[in-house]
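Student: Next comes input_18.cif, mmCIF, C-alpha atoms:
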data_my_file
loop_
_atom_site.label_atom_id
_atom_site.label_comp_id
_atom_site.auth_asym_id
_atom_site.auth_seq_id
_atom_site.Cartn_x
_atom_site.Cartn_y
_atom_site.Cartn_z
CA MET A 259 26.84 -77.71 32.85
CA SER A 260 24.38 -75.39 34.61
CA ALA A 261 21.09 -76.71 36.01
CA SER A 262 19.13 -74.48 33.62
CA LEU A 263 21.01 -75.77 30.59
CA ALA A 264 20.51 -79.34 31.78
CA THR A 265 16.76 -78.67 32.10
CA ARG A 266 16.62 -77.35 28.53
CA ARG A 267 18.26 -80.52 27.21
CA ARG A 268 15.81 -82.96 28.76
CA PRO A 269 13.78 -84.80 26.13
CA ARG A 270 10.52 -83.49 27.56
CA ASP A 271 11.76 -79.90 27.34
CA ILE A 272 13.03 -80.38 23.82
CA VAL A 273 9.60 -81.68 22.77
CA LEU A 274 7.96 -78.72 24.52
CA ARG A 275 10.28 -76.34 22.72
CA LEU A 276 9.55 -77.92 19.34
CA LEU A 277 5.78 -77.78 19.97
CA VAL A 278 5.96 -74.07 20.79
CA VAL A 279 8.05 -73.45 17.68
CA THR A 280 5.59 -75.43 15.53
CA ALA A 281 2.68 -73.38 16.85
CA LEU A 282 4.52 -70.15 16.08
CA VAL A 283 5.39 -71.33 12.58
CA ILE A 284 1.74 -72.19 11.84
CA ASP A 285 0.75 -68.76 13.14
CA ALA A 286 3.37 -67.09 10.94
CA VAL A 287 2.53 -69.00 7.76
CA VAL A 288 -1.22 -68.40 8.00
CA HIS A 289 -0.81 -64.69 8.70
CA TRP A 290 1.74 -64.27 5.90
CA GLN A 291 -0.48 -66.05 3.39
CA LEU A 292 -3.60 -64.08 4.29
CA ALA A 293 -1.85 -60.70 4.45
CA PRO A 294 -2.10 -59.55 0.78
CA GLY A 295 -5.88 -59.92 0.55
CA TYR A 296 -6.55 -58.44 3.95
CA GLN A 297 -4.34 -55.45 3.16
CA LEU A 298 -6.51 -54.65 0.13
CA ALA A 299 -9.69 -55.16 2.11
CA ALA A 300 -8.70 -53.00 5.09
CA PRO A 301 -5.91 -50.59 4.07
CA ALA A 302 -6.81 -47.86 6.59
CA GLY A 303 -4.13 -46.84 9.07
CA ILE A 304 -1.29 -49.32 9.11
CA GLY A 305 -3.49 -51.80 7.24
CA GLN A 306 -4.72 -55.22 8.34
CA GLY A 307 -2.35 -57.05 6.00
CA ASN A 308 0.66 -55.19 7.36
CA LEU A 309 -0.41 -56.07 10.90
CA PHE A 310 -0.58 -59.70 9.76
CA ARG A 311 2.94 -59.42 8.31
CA LEU A 312 4.24 -57.93 11.58
CA GLU A 313 2.65 -60.80 13.48
CA ALA A 314 4.23 -63.32 11.11
CA VAL A 315 7.70 -61.78 11.43
CA ALA A 316 7.41 -61.59 15.23
CA ALA A 317 6.29 -65.23 15.37
CA VAL A 318 9.25 -66.38 13.24
CA LEU A 319 11.81 -64.39 15.27
CA VAL A 320 10.42 -65.58 18.60
CA GLY A 321 10.19 -69.13 17.24
CA LEU A 322 13.90 -69.01 16.41
CA TYR A 323 14.62 -67.57 19.86
CA VAL A 324 12.76 -70.45 21.54
CA LEU A 325 14.41 -73.01 19.26
CA VAL A 326 17.94 -71.76 19.91
CA ARG A 327 17.70 -70.75 23.55
CA GLY A 328 14.63 -72.30 25.14
CA SER A 329 15.18 -69.93 28.04
CA ARG A 330 12.73 -68.18 30.31
CA PRO A 331 12.83 -64.90 28.31
CA ALA A 332 12.33 -66.90 25.11
CA TYR A 333 9.23 -68.60 26.49
CA ALA A 334 7.99 -65.25 27.83
CA ALA A 335 8.33 -63.73 24.36
CA ALA A 336 6.50 -66.72 22.84
CA LEU A 337 3.72 -66.36 25.40
CA LEU A 338 3.41 -62.68 24.53
CA VAL A 339 3.33 -63.14 20.75
CA ALA A 340 1.07 -66.22 20.64
CA GLY A 341 -1.15 -65.03 23.49
CA SER A 342 -1.74 -61.57 22.05
CA ALA A 343 -2.58 -63.07 18.64
CA PHE A 344 -4.98 -65.54 20.27
CA ILE A 345 -6.77 -62.79 22.20
CA ALA A 346 -6.94 -60.61 19.09
CA VAL A 347 -8.47 -63.31 16.87
CA LEU A 348 -11.13 -64.12 19.46
CA LEU A 349 -11.86 -60.45 20.13
CA TYR A 350 -12.27 -59.52 16.47
CA ARG A 351 -14.35 -62.64 15.84
CA TYR A 352 -16.98 -61.78 18.43
CA VAL A 353 -16.73 -58.01 19.05
CA ASP A 354 -17.24 -55.35 16.39
CA ILE A 355 -14.36 -53.08 17.40
CA PRO A 356 -14.11 -49.87 15.35
CA ALA A 357 -10.82 -48.54 13.98
CA LEU A 358 -8.48 -47.54 16.79
CA GLY A 359 -5.83 -45.06 15.66
CA PRO A 360 -3.63 -46.85 13.12
CA ILE A 361 -5.40 -50.17 13.70
CA PRO A 362 -8.23 -50.63 11.19
CA SER A 363 -11.57 -52.22 11.92
CA MET A 364 -10.95 -55.96 11.65
CA TYR A 365 -14.26 -57.43 12.78
CA GLU A 366 -14.75 -60.76 11.00
CA PRO A 367 -17.62 -62.78 12.46
CA VAL A 368 -16.78 -66.07 10.75
CA TRP A 369 -14.46 -69.01 11.20
CA PHE A 370 -12.76 -70.77 8.30
CA PHE A 371 -10.07 -73.42 8.19
CA GLU A 372 -6.93 -71.26 8.10
CA LYS A 373 -8.25 -68.89 10.74
CA ALA A 374 -9.33 -71.71 13.06
CA LEU A 375 -6.00 -73.50 12.56
CA SER A 376 -4.07 -70.36 13.40
CA ALA A 377 -6.24 -69.64 16.45
CA VAL A 378 -5.78 -73.17 17.81
CA ALA A 379 -2.02 -72.96 17.21
CA GLU A 380 -1.86 -69.59 18.95
CA GLY A 381 -3.85 -70.82 21.93
CA LEU A 382 -1.86 -74.03 22.33
CA GLY A 383 1.39 -72.19 21.66
CA ALA A 384 0.63 -69.65 24.37
CA ALA A 385 -0.33 -72.36 26.86
CA LEU A 386 2.78 -74.42 26.14
CA ALA A 387 4.98 -71.31 26.28
CA GLY A 388 3.48 -70.64 29.69
CA VAL A 389 4.38 -74.17 30.77
CA GLY A 390 7.92 -73.72 29.45
CA PHE A 391 8.26 -70.42 31.25
CA LEU A 392 7.14 -71.96 34.55
CA ARG A 393 9.45 -74.96 34.12
CA GLN A 394 12.41 -72.69 33.48
CA ARG A 395 11.51 -70.57 36.49
CA GLY A 396 11.30 -73.68 38.64
CA SER A 397 14.74 -74.84 37.52
CA ALA A 398 16.16 -71.37 38.18
CA ARG A 399 14.78 -71.49 41.73
CA ARG A 400 16.28 -74.92 42.33
CA ARG A 401 19.60 -73.63 41.03
CA ARG A 402 19.61 -70.75 43.55
CA ARG A 403 19.06 -73.09 46.52
CA MET B 33 -82.93 -32.02 -24.29
CA ARG B 34 -84.48 -34.99 -22.54
CA GLN B 35 -82.10 -37.14 -20.54
CA ASN B 36 -82.42 -40.87 -20.07
CA PRO B 37 -81.98 -41.68 -16.31
CA LYS B 38 -80.80 -45.25 -16.99
CA ALA B 39 -78.18 -44.10 -19.44
CA MET B 40 -76.95 -41.51 -16.93
CA MET B 41 -76.62 -44.18 -14.21
CA VAL B 42 -74.60 -46.41 -16.51
CA ILE B 43 -72.27 -43.54 -17.38
CA VAL B 44 -71.81 -42.56 -13.72
CA ALA B 45 -71.11 -46.20 -12.68
CA ALA B 46 -68.58 -46.62 -15.47
CA ALA B 47 -66.82 -43.40 -14.47
CA ALA B 48 -66.70 -44.55 -10.84
CA LEU B 49 -65.17 -47.89 -11.84
CA ILE B 50 -62.50 -46.18 -13.90
CA ALA B 51 -61.71 -43.78 -11.05
CA VAL B 52 -61.40 -46.57 -8.46
CA SER B 53 -59.19 -48.71 -10.67
CA GLY B 54 -56.86 -45.75 -11.18
CA CYS B 55 -56.24 -45.27 -7.47
CA GLY B 56 -53.78 -48.16 -7.17
CA SER B 57 -50.21 -47.05 -6.51
CA PRO B 58 -47.76 -47.62 -9.32
CA GLY B 59 -45.46 -50.52 -9.02
CA THR B 60 -47.73 -52.66 -6.84
CA ASP B 61 -48.46 -55.10 -9.60
CA GLY B 62 -45.15 -56.90 -9.17
CA TYR B 63 -42.54 -55.33 -11.37
CA GLY B 64 -43.23 -51.64 -11.58
CA ALA B 65 -40.69 -49.17 -12.79
CA SER B 66 -39.14 -48.71 -9.38
CA SER B 67 -39.84 -52.03 -7.76
CA SER B 68 -37.23 -54.51 -6.60
CA PRO B 69 -37.57 -58.19 -5.96
CA PRO B 70 -37.23 -59.27 -2.36
CA SER B 71 -33.68 -59.59 -1.15
CA GLY B 72 -32.32 -63.02 -1.78
CA ALA B 73 -35.09 -63.93 -4.17
CA SER B 74 -34.47 -65.39 -7.56
CA SER B 75 -34.82 -62.61 -10.07
CA SER B 76 -35.41 -62.41 -13.77
CA ALA B 77 -34.70 -59.87 -16.42
CA PRO B 78 -37.12 -57.05 -17.21
CA GLN B 79 -40.38 -58.40 -18.55
CA SER B 80 -41.75 -57.13 -21.86
CA GLY B 81 -38.89 -54.65 -22.04
CA THR B 82 -40.59 -51.93 -20.00
CA ALA B 83 -39.62 -52.57 -16.39
CA THR B 84 -36.22 -52.31 -14.69
CA ILE B 85 -35.44 -54.81 -11.97
CA THR B 86 -32.73 -54.07 -9.46
CA ILE B 87 -30.88 -57.28 -8.73
CA THR B 88 -28.74 -56.98 -5.66
CA ILE B 89 -26.09 -59.13 -4.05
CA THR B 90 -25.68 -58.00 -0.46
CA ILE B 91 -22.49 -58.76 1.43
CA LYS B 92 -22.88 -58.94 5.17
CA ASP B 93 -20.80 -60.60 7.87
CA PHE B 94 -18.43 -62.01 5.25
CA GLY B 95 -21.20 -63.80 3.39
CA TYR B 96 -23.06 -63.28 0.13
CA GLN B 97 -26.82 -62.83 0.17
CA GLY B 98 -28.48 -62.48 -3.18
CA PRO B 99 -30.24 -64.00 -6.13
CA VAL B 100 -29.50 -67.57 -6.99
CA SER B 101 -30.40 -67.12 -10.63
CA VAL B 102 -30.51 -64.18 -13.00
CA SER B 103 -31.21 -63.63 -16.66
CA PRO B 104 -28.38 -63.37 -19.18
CA GLY B 105 -26.90 -59.88 -19.24
CA ALA B 106 -28.75 -58.73 -16.12
CA LYS B 107 -27.37 -55.71 -14.30
CA ILE B 108 -26.37 -56.67 -10.78
CA THR B 109 -25.59 -54.30 -7.93
CA VAL B 110 -23.28 -55.35 -5.10
CA LYS B 111 -23.93 -53.71 -1.74
CA ASN B 112 -21.26 -54.19 0.90
CA GLN B 113 -22.46 -53.81 4.48
CA ASP B 114 -19.19 -54.93 6.07
CA ALA B 115 -16.49 -52.53 7.25
CA GLN B 116 -13.92 -54.22 5.01
CA ALA B 117 -13.89 -54.11 1.22
CA HIS B 118 -15.03 -57.19 -0.70
CA THR B 119 -15.26 -58.34 -4.29
CA VAL B 120 -17.58 -60.50 -6.34
CA THR B 121 -15.09 -62.19 -8.64
CA SER B 122 -15.94 -65.12 -10.88
CA ASP B 123 -13.74 -68.13 -10.23
CA ASP B 124 -12.69 -68.23 -13.88
CA GLY B 125 -11.46 -64.64 -13.51
CA LYS B 126 -13.12 -63.54 -16.74
CA ALA B 127 -16.91 -63.55 -16.41
CA PHE B 128 -17.23 -60.71 -13.89
CA ASP B 129 -15.30 -58.88 -11.21
CA ALA B 130 -16.73 -56.14 -9.01
CA ALA B 131 -15.14 -54.58 -5.93
CA ALA B 132 -17.19 -52.75 -3.31
CA ASP B 133 -15.58 -50.62 -0.61
CA GLY B 134 -16.36 -51.28 3.02
CA GLY B 135 -18.86 -49.27 5.02
CA GLY B 136 -21.73 -49.36 2.54
CA GLY B 137 -19.84 -49.29 -0.73
CA THR B 138 -21.52 -50.45 -3.91
CA ALA B 139 -20.43 -51.80 -7.27
CA THR B 140 -22.21 -53.05 -10.36
CA PHE B 141 -21.50 -55.68 -12.96
CA THR B 142 -23.25 -57.36 -15.83
CA ALA B 143 -24.14 -61.02 -15.62
CA PRO B 144 -22.68 -63.24 -18.37
CA THR B 145 -24.83 -63.66 -21.45
CA THR B 146 -24.15 -67.36 -21.69
CA PRO B 147 -26.42 -69.47 -19.47
CA GLY B 148 -24.61 -71.53 -16.91
CA SER B 149 -23.42 -71.75 -13.35
CA TYR B 150 -20.77 -69.23 -12.32
CA PRO B 151 -19.03 -69.80 -8.98
CA TYR B 152 -17.54 -66.65 -7.52
CA HIS B 153 -15.46 -65.61 -4.54
CA CYS B 154 -13.99 -62.59 -2.77
CA ALA B 155 -10.52 -61.81 -4.07
CA TYR B 156 -9.55 -60.45 -0.64
CA HIS B 157 -11.07 -63.15 1.56
CA SER B 158 -10.58 -66.58 0.03
CA ASN B 159 -13.11 -68.20 2.37
CA MET B 160 -16.04 -66.27 0.84
CA HIS B 161 -17.86 -68.12 -1.94
CA GLY B 162 -21.11 -67.91 -3.89
CA THR B 163 -22.65 -69.11 -7.12
CA LEU B 164 -24.54 -67.15 -9.75
CA VAL B 165 -26.76 -69.15 -12.07
CA VAL B 166 -27.55 -67.52 -15.40
CA LYS B 167 -30.64 -68.97 -17.10
#
Please go through the file and, once you have read it, give me the structure as structure tokens.
Tutor:
Amino acid sequence: MSASLATRRRPRDIVLRLLVVTALVIDAVVHWQLAPGYQLAAPAGIGQGNLFRLEAVAAVLVGLYVLVRGSRPAYAAALLVAGSAFIAVLLYRYVDIPALGPIPSMYEPVWFFEKALSAVAEGLGAALAGVGFLRQRGSARRRRR
Amino acid sequence: MRQNPKAMMVIVAAAALIAVSGCGSPGTDGYGASSSPPSGASSSAPQSGTATITITITIKDFGYQGPVSVSPGAKITVKNQDAQAHTVTSDDGKAFDAAADGGGGTATFTAPTTPGSYPYHCAYHSNMHGTLVVK
């Protein structure tokens, strides 16, 4: 059994993996549920609802990747998906960004339960994915020595 | 013909009074033909059947700003100041439903004729809520 595989099977790493997957699932469910209304409200370009659906699909696929593999690339992908969603929700909450090419204007200067829940999940998911990525990198370094 | 100075003075004073009273601008007495109640104020239906009141619900920053109470059957205008489209949809789905496009879009609807409290929401953004009281 390789050192990297052994690292991934430690209880602490399994918990970390499950927490990242949970965060991605929350992100996916909230975006999928909100998508129909937001598509009608902001249909310009690709449409806000379709962007939400893309985010949800990406979160599910990356969540499965982390669940099955728990590897460095998997955590990197989770960091990318959760981190970009977290930055986007904060940006569009506080900055009135106009439409940019196919991306419609999505400024929404309010918080509500689903949005806050998704933002917290994205932030924690990104942070934990970063931890997982660093742990996997550390084990890879130890393996090379 | 001999003129009475006192009578002339009375006539001149009366004419001056009439002229001064006619200088007021129309609509300044509260509900003129083109006047609107202040935004967010409670509004009532046209009084004595001669005046038209514009009742407006303004949507801004994903929130409703408008009259708390209106008269039965009042005409209500929805002004959307957000970039995204919004609706004013009664929670029962029957009383009223008006959609206003983003970027300054407007819509109108008629308030229910039955007095009561009518909660409403945005069909696109489920976190947006308001209540219209008809009395």
Student: For this structure, which residues satisfy the selection - the PyMOL selection byres ((chain A) within 12 of (chain B)) - when it is evaluated on the file as given? I want them as a short mmCIF file (atom, residue, chain, number, x, y, z; two decimals) with C-alpha atoms, in the coordinates of the input.
Tutor:
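Once written, expr.cif looks like this:
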data_model
loop_
_atom_site.label_atom_id
_atom_site.label_comp_id
_atom_site.auth_asym_id
_atom_site.auth_seq_id
_atom_site.Cartn_x
_atom_site.Cartn_y
_atom_site.Cartn_z
CA GLN A 291 -0.48 -66.05 3.39
CA LEU A 292 -3.60 -64.08 4.29
CA ALA A 293 -1.85 -60.70 4.45
CA PRO A 294 -2.10 -59.55 0.78
CA GLY A 295 -5.88 -59.92 0.55
CA TYR A 296 -6.55 -58.44 3.95
CA GLN A 297 -4.34 -55.45 3.16
CA LEU A 298 -6.51 -54.65 0.13
CA ALA A 299 -9.69 -55.16 2.11
CA ALA A 300 -8.70 -53.00 5.09
CA PRO A 301 -5.91 -50.59 4.07
CA ALA A 302 -6.81 -47.86 6.59
CA GLY A 305 -3.49 -51.80 7.24
CA GLN A 306 -4.72 -55.22 8.34
CA GLY A 307 -2.35 -57.05 6.00
CA ARG A 351 -14.35 -62.64 15.84
CA TYR A 352 -16.98 -61.78 18.43
CA ASP A 354 -17.24 -55.35 16.39
CA ILE A 355 -14.36 -53.08 17.40
CA PRO A 356 -14.11 -49.87 15.35
CA ALA A 357 -10.82 -48.54 13.98
CA PRO A 362 -8.23 -50.63 11.19
CA SER A 363 -11.57 -52.22 11.92
CA MET A 364 -10.95 -55.96 11.65
CA TYR A 365 -14.26 -57.43 12.78
CA GLU A 366 -14.75 -60.76 11.00
CA PRO A 367 -17.62 -62.78 12.46
CA VAL A 368 -16.78 -66.07 10.75
CA TRP A 369 -14.46 -69.01 11.20
CA PHE A 370 -12.76 -70.77 8.30
CA PHE A 371 -10.07 -73.42 8.19
CA GLU A 372 -6.93 -71.26 8.10
CA LYS A 373 -8.25 -68.89 10.74
CA ALA A 374 -9.33 -71.71 13.06
#
Student: Could you tell me which residues the PyMOL selection byres ((chain A and resi 316-318) around 8) returns for this structure, as a PyMOL selection string?
Tutor: chain A and resi 282-283+285-286+312-315+319-322+336+339-340
Student: Could you list, as a PDB file with C-alpha atoms, in the coordinates of the input, every residue matched by the PyMOL selection byres ((chain A and resi 375-387) around 10) in this structure?
Tutor:
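Generated file (part17.pdb):
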ATOM      1  CA  LEU A 274       7.960 -78.720  24.520  1.00  0.00           C
ATOM      2  CA  ARG A 275      10.280 -76.340  22.720  1.00  0.00           C
ATOM      3  CA  LEU A 277       5.780 -77.780  19.970  1.00  0.00           C
ATOM      4  CA  VAL A 278       5.960 -74.070  20.790  1.00  0.00           C
ATOM      5  CA  VAL A 279       8.050 -73.450  17.680  1.00  0.00           C
ATOM      6  CA  THR A 280       5.590 -75.430  15.530  1.00  0.00           C
ATOM      7  CA  ALA A 281       2.680 -73.380  16.850  1.00  0.00           C
ATOM      8  CA  LEU A 282       4.520 -70.150  16.080  1.00  0.00           C
ATOM      9  CA  VAL A 283       5.390 -71.330  12.580  1.00  0.00           C
ATOM     10  CA  ILE A 284       1.740 -72.190  11.840  1.00  0.00           C
ATOM     11  CA  ASP A 285       0.750 -68.760  13.140  1.00  0.00           C
ATOM     12  CA  ALA A 286       3.370 -67.090  10.940  1.00  0.00           C
ATOM     13  CA  VAL A 287       2.530 -69.000   7.760  1.00  0.00           C
ATOM     14  CA  VAL A 288      -1.220 -68.400   8.000  1.00  0.00           C
ATOM     15  CA  HIS A 289      -0.810 -64.690   8.700  1.00  0.00           C
ATOM     16  CA  ALA A 317       6.290 -65.230  15.370  1.00  0.00           C
ATOM     17  CA  VAL A 324      12.760 -70.450  21.540  1.00  0.00           C
ATOM     18  CA  GLY A 328      14.630 -72.300  25.140  1.00  0.00           C
ATOM     19  CA  ARG A 330      12.730 -68.180  30.310  1.00  0.00           C
ATOM     20  CA  ALA A 332      12.330 -66.900  25.110  1.00  0.00           C
ATOM     21  CA  TYR A 333       9.230 -68.600  26.490  1.00  0.00           C
ATOM     22  CA  ALA A 334       7.990 -65.250  27.830  1.00  0.00           C
ATOM     23  CA  ALA A 335       8.330 -63.730  24.360  1.00  0.00           C
ATOM     24  CA  ALA A 336       6.500 -66.720  22.840  1.00  0.00           C
ATOM     25  CA  LEU A 337       3.720 -66.360  25.400  1.00  0.00           C
ATOM     26  CA  LEU A 338       3.410 -62.680  24.530  1.00  0.00           C
ATOM     27  CA  VAL A 339       3.330 -63.140  20.750  1.00  0.00           C
ATOM     28  CA  ALA A 340       1.070 -66.220  20.640  1.00  0.00           C
ATOM     29  CA  GLY A 341      -1.150 -65.030  23.490  1.00  0.00           C
ATOM     30  CA  SER A 342      -1.740 -61.570  22.050  1.00  0.00           C
ATOM     31  CA  ALA A 343      -2.580 -63.070  18.640  1.00  0.00           C
ATOM     32  CA  PHE A 344      -4.980 -65.540  20.270  1.00  0.00           C
ATOM     33  CA  ILE A 345      -6.770 -62.790  22.200  1.00  0.00           C
ATOM     34  CA  ALA A 346      -6.940 -60.610  19.090  1.00  0.00           C
ATOM     35  CA  VAL A 347      -8.470 -63.310  16.870  1.00  0.00           C
ATOM     36  CA  LEU A 348     -11.130 -64.120  19.460  1.00  0.00           C
ATOM     37  CA  TRP A 369     -14.460 -69.010  11.200  1.00  0.00           C
ATOM     38  CA  PHE A 370     -12.760 -70.770   8.300  1.00  0.00           C
ATOM     39  CA  PHE A 371     -10.070 -73.420   8.190  1.00  0.00           C
ATOM     40  CA  GLU A 372      -6.930 -71.260   8.100  1.00  0.00           C
ATOM     41  CA  LYS A 373      -8.250 -68.890  10.740  1.00  0.00           C
ATOM     42  CA  ALA A 374      -9.330 -71.710  13.060  1.00  0.00           C
ATOM     43  CA  GLY A 388       3.480 -70.640  29.690  1.00  0.00           C
ATOM     44  CA  VAL A 389       4.380 -74.170  30.770  1.00  0.00           C
ATOM     45  CA  GLY A 390       7.920 -73.720  29.450  1.00  0.00           C
ATOM     46  CA  PHE A 391       8.260 -70.420  31.250  1.00  0.00           C
ATOM     47  CA  LEU A 392       7.140 -71.960  34.550  1.00  0.00           C
ATOM     48  CA  ARG A 393       9.450 -74.960  34.120  1.00  0.00           C
TER      49      ARG A 393
END
Student: Please return as a PyMOL selection string every residue within 12 Å of (-26.2, -58.5, -1.2), taking into account only C-alpha atoms and the file's own coordinates.
Tutor: chain B and resi 70-73+86-100+108-114+118-120+132+136-140+162
Student: To one decimal in Å, tell me the separation between CA of Pro331 in chain A and CA of Ile361 in chain A.
Tutor: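 Computing the Euclidean distance for CA of Pro331 in chain A and CA of Ile361 in chain A yields 27.6 Å.
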Student: Quick one, how far is CA of Asp129 in chain B from CA of Thr142 in chain B?
Tutor: 9.3 Å
Student: Grab the CA of Lys167 in chain B to CA of Phe141 in chain B distance for me, in Å with one decimal place.
Tutor: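 Result for CA of Lys167 in chain B versus CA of Phe141 in chain B: 16.7 Å, one decimal.
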Student: Kindly list the centre and edge lengths in Å, rounded to one decimal, for the axis-aligned box that covers all listed atoms of range 313-329 of chain A plus 6 Å on each of its six sides, as AutoDock Vina command-line options.
Tutor:
--center_x 10.3 --center_y -66.9 --center_z 19.6 --size_x 27.3 --size_y 24.2 --size_z 28.9
Student: Let me make sure I understand: among B:Gly135, B:Ile85, B:Val102, B:Thr163, which one has the smallest atom-to-atom distance to Asp123 in chain B if we use all atoms listed in the file?
Tutor: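 The answer is B:Thr163, which sits nearest to Asp123 in chain B.
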Student: Find the residue from B:Lys107, B:Leu164, B:Ala130, B:Ser101 that sits nearest to Tyr152 in chain B; use only C-alpha atoms when measuring.
Tutor: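 Checking each of B:Lys107, B:Leu164, B:Ala130, B:Ser101 against Tyr152 in chain B, counting only C-alpha atoms, the winner is B:Leu164.
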